[in-house]
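Presented below is the structure to which this report refers.
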Amino acid sequence: MIDAHLHLDQYVRVDEQIKRWQEAGITGVVAVSTDLSSSYRTLELKQRFPSFVYAAIGFHPERPMPNAADWNEWTSLLKQARPQLAAIGEVGLPYYSAEAAAQLPRYCDLLAQIAAIAVDVSLPLVLHAVYDRAETALAIVQQAGVRHAHFHWLKANAKTVQRIIQCGYYISVTPEVCYRERDQALLSLIPLEQLLLETDGPWPFAGPFQGKPTTPLFLFDSVRTVAAHYGEESERVKTVITANTKRLYGSLSL
């Protein structure tokens with residue numbers, strides 16, 4: 001399985017961790033970034049683990065807006081590192097950070113610029129856009145002509161979810177699907193062929209994962225819950241979701 005959204009740069013003893021994950025059956029992770037320095041770290045991890053890391057660079061929308069120098073350096077880095085990249089992310093619109101949300105129009109402009117770049121360099125977008133921000137982000141990426149996008153850990157109304165699906169974009173669920181009705185209800189709106197599984201590690205979870213460090217191994221718990229929801233065998237669901245992830249993020253760029 002492939003973890004469709006993980007902050008690999010925030011883990012320690014990465015060599016040991018990846019070895020353990022691989023031995024358990026994890027074949028890759030989509031490693032997302034949060035700012036310029038994080039983007040550099042993600043690319044370093046890509047160089048160290050080229051057959052395991054699907055690298056994505058970007059600016060997390062719950063963080064402060066990038067200054068002009070960081071933005072210019074990041075756009076140059078993107079062009080330089082394009083052969084090693086699987087996506088641009090994580091990017092999107094703020095919701096949880098009151099300070100960032102107060103500047104929502106600026107973040108909308110930033111997302112529009114990033115979406116245009118994604119189209120230009122033919123890379124998918126990894127989107128952080130929850131609740132009512134999902135509808136706004138969807139309009140922005142559609143306006144830019146983005147063909148491939150992944151709404152991670154989506155929290156949105158049914159109408160917006162249906163529009164995302166109609167656009168052919170992908171939606172992922174986290175281990176919360178194992179214990180939260182909201183996430184289980186979301187599955188009812190997503191065709192299996194457009195579903196991805198993520199952990200957003202090292203973000204911690206509750207329920208059966210309370211007190212446990214988040215790793216891609218949680219995917220095996222999620223896939224059992226998802227399989228039961230769709231009335232499918234776990235092995236088939238693993239196969240379909242892994243194929244979905246590879247279809248969106250492509251074969252590993254080396």
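By convention here, the chains of the structure tokens are called A, B, ... in the order presented, each chain's residues are numbered starting at 1, and ligands are numbered starting at 1 in the order presented.
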Tell me, as a compact mmCIF listing (two decimals) with N, CA and C atoms, in the first residue's frame, which residues lie within 12 Å of Thr239 of chain A, counting only C-alpha atoms; anything in the same chain fewer than 4 positions away does not count.
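Below is the file around.txt, written as the result:
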# COMPACT_ATOMS: atom_id res chain seq x y z
N MET A 1 0.84 -1.20 0.00
CA MET A 1 0.00 0.00 0.00
C MET A 1 0.87 1.25 0.00
N ILE A 2 0.27 2.35 -0.44
CA ILE A 2 0.96 3.63 -0.48
C ILE A 2 0.18 4.62 0.39
N LEU A 192 -15.16 3.92 -5.15
CA LEU A 192 -13.91 3.30 -4.75
C LEU A 192 -12.76 3.71 -5.68
N GLU A 193 -13.07 3.91 -6.94
CA GLU A 193 -12.04 4.25 -7.94
C GLU A 193 -11.49 5.67 -7.77
N LEU A 195 -10.99 6.91 -4.47
CA LEU A 195 -10.64 6.96 -3.05
C LEU A 195 -9.16 6.68 -2.85
N LEU A 196 -8.55 7.46 -1.95
CA LEU A 196 -7.18 7.21 -1.51
C LEU A 196 -7.18 7.04 0.01
N LEU A 197 -6.13 6.44 0.53
CA LEU A 197 -5.96 6.29 1.98
C LEU A 197 -4.69 7.00 2.42
N VAL A 223 -8.01 0.06 5.68
CA VAL A 223 -8.48 -0.68 4.52
C VAL A 223 -9.50 -1.74 4.92
N ALA A 227 -13.11 -1.69 3.27
CA ALA A 227 -13.58 -2.88 2.56
C ALA A 227 -14.95 -3.32 3.08
N GLU A 232 -16.54 -5.32 -0.01
CA GLU A 232 -15.50 -5.91 -0.86
C GLU A 232 -14.47 -6.63 0.00
N GLU A 233 -13.69 -7.49 -0.64
CA GLU A 233 -12.57 -8.14 0.04
C GLU A 233 -11.45 -7.11 0.24
N SER A 234 -10.77 -7.21 1.37
CA SER A 234 -9.70 -6.27 1.68
C SER A 234 -8.62 -6.26 0.61
N GLU A 235 -8.28 -7.42 0.07
CA GLU A 235 -7.21 -7.49 -0.92
C GLU A 235 -7.59 -6.74 -2.19
N ALA A 243 -3.73 1.28 -6.97
CA ALA A 243 -3.77 1.67 -8.38
C ALA A 243 -4.24 3.12 -8.53
N ASN A 244 -5.22 3.54 -7.71
CA ASN A 244 -5.68 4.93 -7.73
C ASN A 244 -4.53 5.88 -7.43
N THR A 245 -3.76 5.53 -6.40
CA THR A 245 -2.66 6.40 -5.96
C THR A 245 -1.60 6.52 -7.04
N LYS A 246 -1.28 5.40 -7.66
CA LYS A 246 -0.28 5.43 -8.73
C LYS A 246 -0.81 6.17 -9.96
Query - All residues 7 Å or closer to segment 152-160 of chain A, only C-alpha atoms, same chain fewer than 4 positions away omitted, as a PyMOL selection string - result: chain A and resi 126-128+130-132+134-135+164+171-174
File dump, residues just selected, N, CA, C and O atoms, as a compact mmCIF listing (two decimals), in the first residue's frame:
# COMPACT_ATOMS: atom_id res chain seq x y z
N VAL A 126 -2.00 18.65 -4.25
CA VAL A 126 -2.42 18.05 -2.98
C VAL A 126 -3.07 19.17 -2.17
O VAL A 126 -2.40 20.12 -1.77
N LEU A 127 -4.38 19.06 -1.94
CA LEU A 127 -5.13 20.19 -1.40
C LEU A 127 -5.58 20.00 0.05
O LEU A 127 -6.17 18.99 0.43
N HIS A 128 -5.31 21.03 0.84
CA HIS A 128 -5.85 21.18 2.19
C HIS A 128 -6.95 22.22 2.08
O HIS A 128 -6.68 23.41 1.90
N VAL A 130 -10.80 22.45 3.85
CA VAL A 130 -11.84 21.78 4.64
C VAL A 130 -13.07 22.67 4.81
O VAL A 130 -13.01 23.89 4.67
N TYR A 131 -14.20 22.00 5.11
CA TYR A 131 -15.47 22.67 5.34
C TYR A 131 -15.80 23.60 4.16
O TYR A 131 -15.69 23.18 3.01
N ASP A 132 -16.16 24.85 4.40
CA ASP A 132 -16.58 25.71 3.30
C ASP A 132 -15.41 26.12 2.40
O ASP A 132 -15.62 26.58 1.27
N ALA A 134 -13.47 24.10 0.99
CA ALA A 134 -13.39 23.11 -0.09
C ALA A 134 -14.10 23.62 -1.34
O ALA A 134 -13.60 23.47 -2.46
N GLU A 135 -15.26 24.23 -1.16
CA GLU A 135 -16.01 24.76 -2.31
C GLU A 135 -15.23 25.87 -3.00
O GLU A 135 -15.15 25.93 -4.23
N ILE A 164 -16.67 17.54 -6.51
CA ILE A 164 -15.27 17.11 -6.58
C ILE A 164 -15.17 15.79 -7.34
O ILE A 164 -14.30 15.62 -8.21
N ILE A 171 -10.28 11.86 -3.42
CA ILE A 171 -10.52 12.22 -2.02
C ILE A 171 -9.93 11.12 -1.15
O ILE A 171 -10.07 9.93 -1.48
N SER A 172 -9.29 11.52 -0.07
CA SER A 172 -8.73 10.50 0.84
C SER A 172 -9.37 10.58 2.21
O SER A 172 -9.88 11.63 2.63
N VAL A 173 -9.33 9.45 2.89
CA VAL A 173 -9.75 9.38 4.29
C VAL A 173 -8.55 8.95 5.13
O VAL A 173 -7.64 8.29 4.64
N THR A 174 -8.58 9.35 6.38
CA THR A 174 -7.52 9.04 7.33
C THR A 174 -7.96 7.87 8.23
O THR A 174 -9.08 7.36 8.08
Query raised in the report: Skipping near chain neighbours, those fewer than 2 positions away, what residues fall within 7 Å of segment 116-122 of chain A using only C-alpha atoms, listed as a PyMOL selection string?
Result: chain A and resi 88+112-114+124-125+144-146
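The interatomic distance for the pair atom CA of Thr199 of chain A and atom CA of Glu181 of chain A works out to 17.3 Å.
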**Report entry** Neighbour list for Leu123 of chain A as an MDAnalysis selection string, cut-off 10 Å, only C-alpha atoms, skip fewer than 5 positions in-chain
**Finding:** chainID A and resid 56 82 85:89 115 117:118 146:149 248:250
Residue subset to file, keeping all heavy atoms, as a compact mmCIF listing (two decimals), in the first residue's frame:
# COMPACT_ATOMS: atom_id res chain seq x y z
N ALA A 56 6.35 15.79 -2.91
CA ALA A 56 5.49 16.94 -3.21
C ALA A 56 6.02 18.14 -2.43
O ALA A 56 6.33 18.02 -1.25
CB ALA A 56 4.05 16.66 -2.82
N ARG A 82 11.70 19.45 -10.98
CA ARG A 82 10.51 18.87 -11.62
C ARG A 82 10.63 17.38 -11.92
O ARG A 82 9.68 16.62 -11.67
CB ARG A 82 10.18 19.66 -12.89
CG ARG A 82 9.06 19.05 -13.74
CD ARG A 82 7.76 18.99 -13.00
NE ARG A 82 6.71 18.33 -13.74
CZ ARG A 82 6.49 17.01 -13.75
NH1 ARG A 82 7.29 16.20 -13.06
NH2 ARG A 82 5.49 16.49 -14.43
N LEU A 85 9.61 15.24 -8.91
CA LEU A 85 8.36 15.55 -8.22
C LEU A 85 7.18 14.72 -8.70
O LEU A 85 7.05 14.44 -9.89
CB LEU A 85 8.03 17.03 -8.37
CG LEU A 85 8.98 18.01 -7.67
CD1 LEU A 85 8.60 19.45 -8.01
CD2 LEU A 85 8.96 17.80 -6.17
N ALA A 86 6.33 14.37 -7.74
CA ALA A 86 5.09 13.67 -8.05
C ALA A 86 3.89 14.60 -7.95
O ALA A 86 2.82 14.29 -8.49
CB ALA A 86 4.89 12.48 -7.10
N ALA A 87 4.05 15.74 -7.24
CA ALA A 87 2.92 16.64 -7.02
C ALA A 87 3.40 17.96 -6.45
O ALA A 87 4.56 18.11 -6.05
CB ALA A 87 1.90 16.00 -6.08
N ILE A 88 2.47 18.90 -6.37
CA ILE A 88 2.66 20.15 -5.64
C ILE A 88 1.76 20.10 -4.42
O ILE A 88 0.55 19.89 -4.54
CB ILE A 88 2.30 21.37 -6.50
CG1 ILE A 88 3.26 21.49 -7.69
CG2 ILE A 88 2.33 22.66 -5.68
CD1 ILE A 88 2.91 22.62 -8.66
N GLY A 89 2.35 20.25 -3.23
CA GLY A 89 1.53 20.20 -2.03
C GLY A 89 2.35 20.10 -0.75
O GLY A 89 3.54 19.85 -0.79
N ALA A 115 -2.02 26.89 -8.67
CA ALA A 115 -2.80 26.05 -9.58
C ALA A 115 -2.37 26.27 -11.03
O ALA A 115 -2.26 25.32 -11.81
CB ALA A 115 -4.29 26.35 -9.42
N ILE A 117 0.59 27.19 -11.99
CA ILE A 117 1.90 26.53 -12.12
C ILE A 117 1.72 25.03 -12.29
O ILE A 117 2.39 24.40 -13.11
CB ILE A 117 2.79 26.84 -10.89
CG1 ILE A 117 3.18 28.32 -10.89
CG2 ILE A 117 4.03 25.96 -10.89
CD1 ILE A 117 3.88 28.77 -9.61
N ALA A 118 0.81 24.45 -11.51
CA ALA A 118 0.55 23.01 -11.60
C ALA A 118 0.13 22.61 -13.01
O ALA A 118 0.56 21.58 -13.54
CB ALA A 118 -0.51 22.60 -10.58
N VAL A 146 -7.01 22.83 -13.65
CA VAL A 146 -6.29 21.71 -13.04
C VAL A 146 -7.03 20.41 -13.35
O VAL A 146 -8.22 20.28 -13.06
CB VAL A 146 -6.17 21.91 -11.51
CG1 VAL A 146 -5.61 20.66 -10.84
CG2 VAL A 146 -5.29 23.11 -11.20
N ARG A 147 -6.32 19.46 -13.91
CA ARG A 147 -6.95 18.18 -14.29
C ARG A 147 -6.85 17.13 -13.20
O ARG A 147 -7.69 16.24 -13.10
CB ARG A 147 -6.29 17.65 -15.56
CG ARG A 147 -6.54 18.50 -16.80
CD ARG A 147 -5.89 17.86 -18.02
NE ARG A 147 -6.37 16.50 -18.24
CZ ARG A 147 -5.78 15.62 -19.04
NH1 ARG A 147 -4.67 15.96 -19.68
NH2 ARG A 147 -6.28 14.41 -19.20
N HIS A 148 -5.80 17.22 -12.37
CA HIS A 148 -5.56 16.18 -11.37
C HIS A 148 -5.35 16.80 -10.00
O HIS A 148 -4.46 17.64 -9.82
CB HIS A 148 -4.34 15.34 -11.76
CG HIS A 148 -4.42 14.77 -13.14
ND1 HIS A 148 -5.33 13.80 -13.49
CD2 HIS A 148 -3.73 15.07 -14.27
CE1 HIS A 148 -5.19 13.49 -14.76
NE2 HIS A 148 -4.23 14.25 -15.27
N ALA A 149 -6.18 16.40 -9.04
CA ALA A 149 -6.09 16.96 -7.70
C ALA A 149 -6.52 15.93 -6.67
O ALA A 149 -7.28 15.01 -6.96
CB ALA A 149 -6.94 18.22 -7.57
N LEU A 248 -2.82 8.72 -9.95
CA LEU A 248 -2.76 10.16 -9.67
C LEU A 248 -1.33 10.67 -9.61
O LEU A 248 -0.99 11.67 -10.25
CB LEU A 248 -3.45 10.48 -8.36
CG LEU A 248 -3.37 11.94 -7.90
CD1 LEU A 248 -4.04 12.86 -8.92
CD2 LEU A 248 -4.02 12.10 -6.52
N TYR A 249 -0.49 9.96 -8.88
CA TYR A 249 0.87 10.47 -8.63
C TYR A 249 1.91 9.89 -9.56
O TYR A 249 3.09 10.27 -9.50
CB TYR A 249 1.25 10.21 -7.17
CG TYR A 249 0.45 11.07 -6.23
CD1 TYR A 249 -0.48 10.53 -5.32
CD2 TYR A 249 0.60 12.45 -6.24
CE1 TYR A 249 -1.21 11.34 -4.47
CE2 TYR A 249 -0.14 13.28 -5.40
CZ TYR A 249 -1.04 12.70 -4.51
OH TYR A 249 -1.76 13.51 -3.68
N GLY A 250 1.50 8.99 -10.43
CA GLY A 250 2.40 8.49 -11.45
C GLY A 250 3.43 7.51 -10.92
O GLY A 250 3.48 7.22 -9.72
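What separates atom CA of Phe209 of chain A from atom CA of Asp183 of chain A is a distance of 15.6 Å.
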Query raised in the report: What is the distance, in Å and to one decimal place, between atom CA of Leu189 of chain A and atom CA of His229 of chain A?
Result: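 If I compute the distance from atom CA of Leu189 of chain A to atom CA of His229 of chain A, I get 11.6 Å.
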Query - DSSP strand (DSSP E or B) selection over segment 100-249 of chain A, as a VMD selection string - result: chain A and resid 125 to 128 149 to 151 170 to 173 195 to 197
Convert the current residue selection to file output with C-alpha atoms, as a short mmCIF file (atom, residue, chain, number, x, y, z; two decimals), in the first residue's frame.
data_model
loop_
_atom_site.label_atom_id
_atom_site.label_comp_id
_atom_site.auth_asym_id
_atom_site.auth_seq_id
_atom_site.Cartn_x
_atom_site.Cartn_y
_atom_site.Cartn_z
CA LEU A 125 -2.25 19.33 -6.55
CA VAL A 126 -2.42 18.05 -2.98
CA LEU A 127 -5.13 20.19 -1.40
CA HIS A 128 -5.85 21.18 2.19
CA ALA A 149 -6.09 16.96 -7.70
CA HIS A 150 -6.32 15.24 -4.34
CA PHE A 151 -8.51 16.69 -1.59
CA TYR A 170 -9.54 12.14 -5.70
CA ILE A 171 -10.52 12.22 -2.02
CA SER A 172 -8.73 10.50 0.84
CA VAL A 173 -9.75 9.38 4.29
CA LEU A 195 -10.64 6.96 -3.05
CA LEU A 196 -7.18 7.21 -1.51
CA LEU A 197 -5.96 6.29 1.98
#
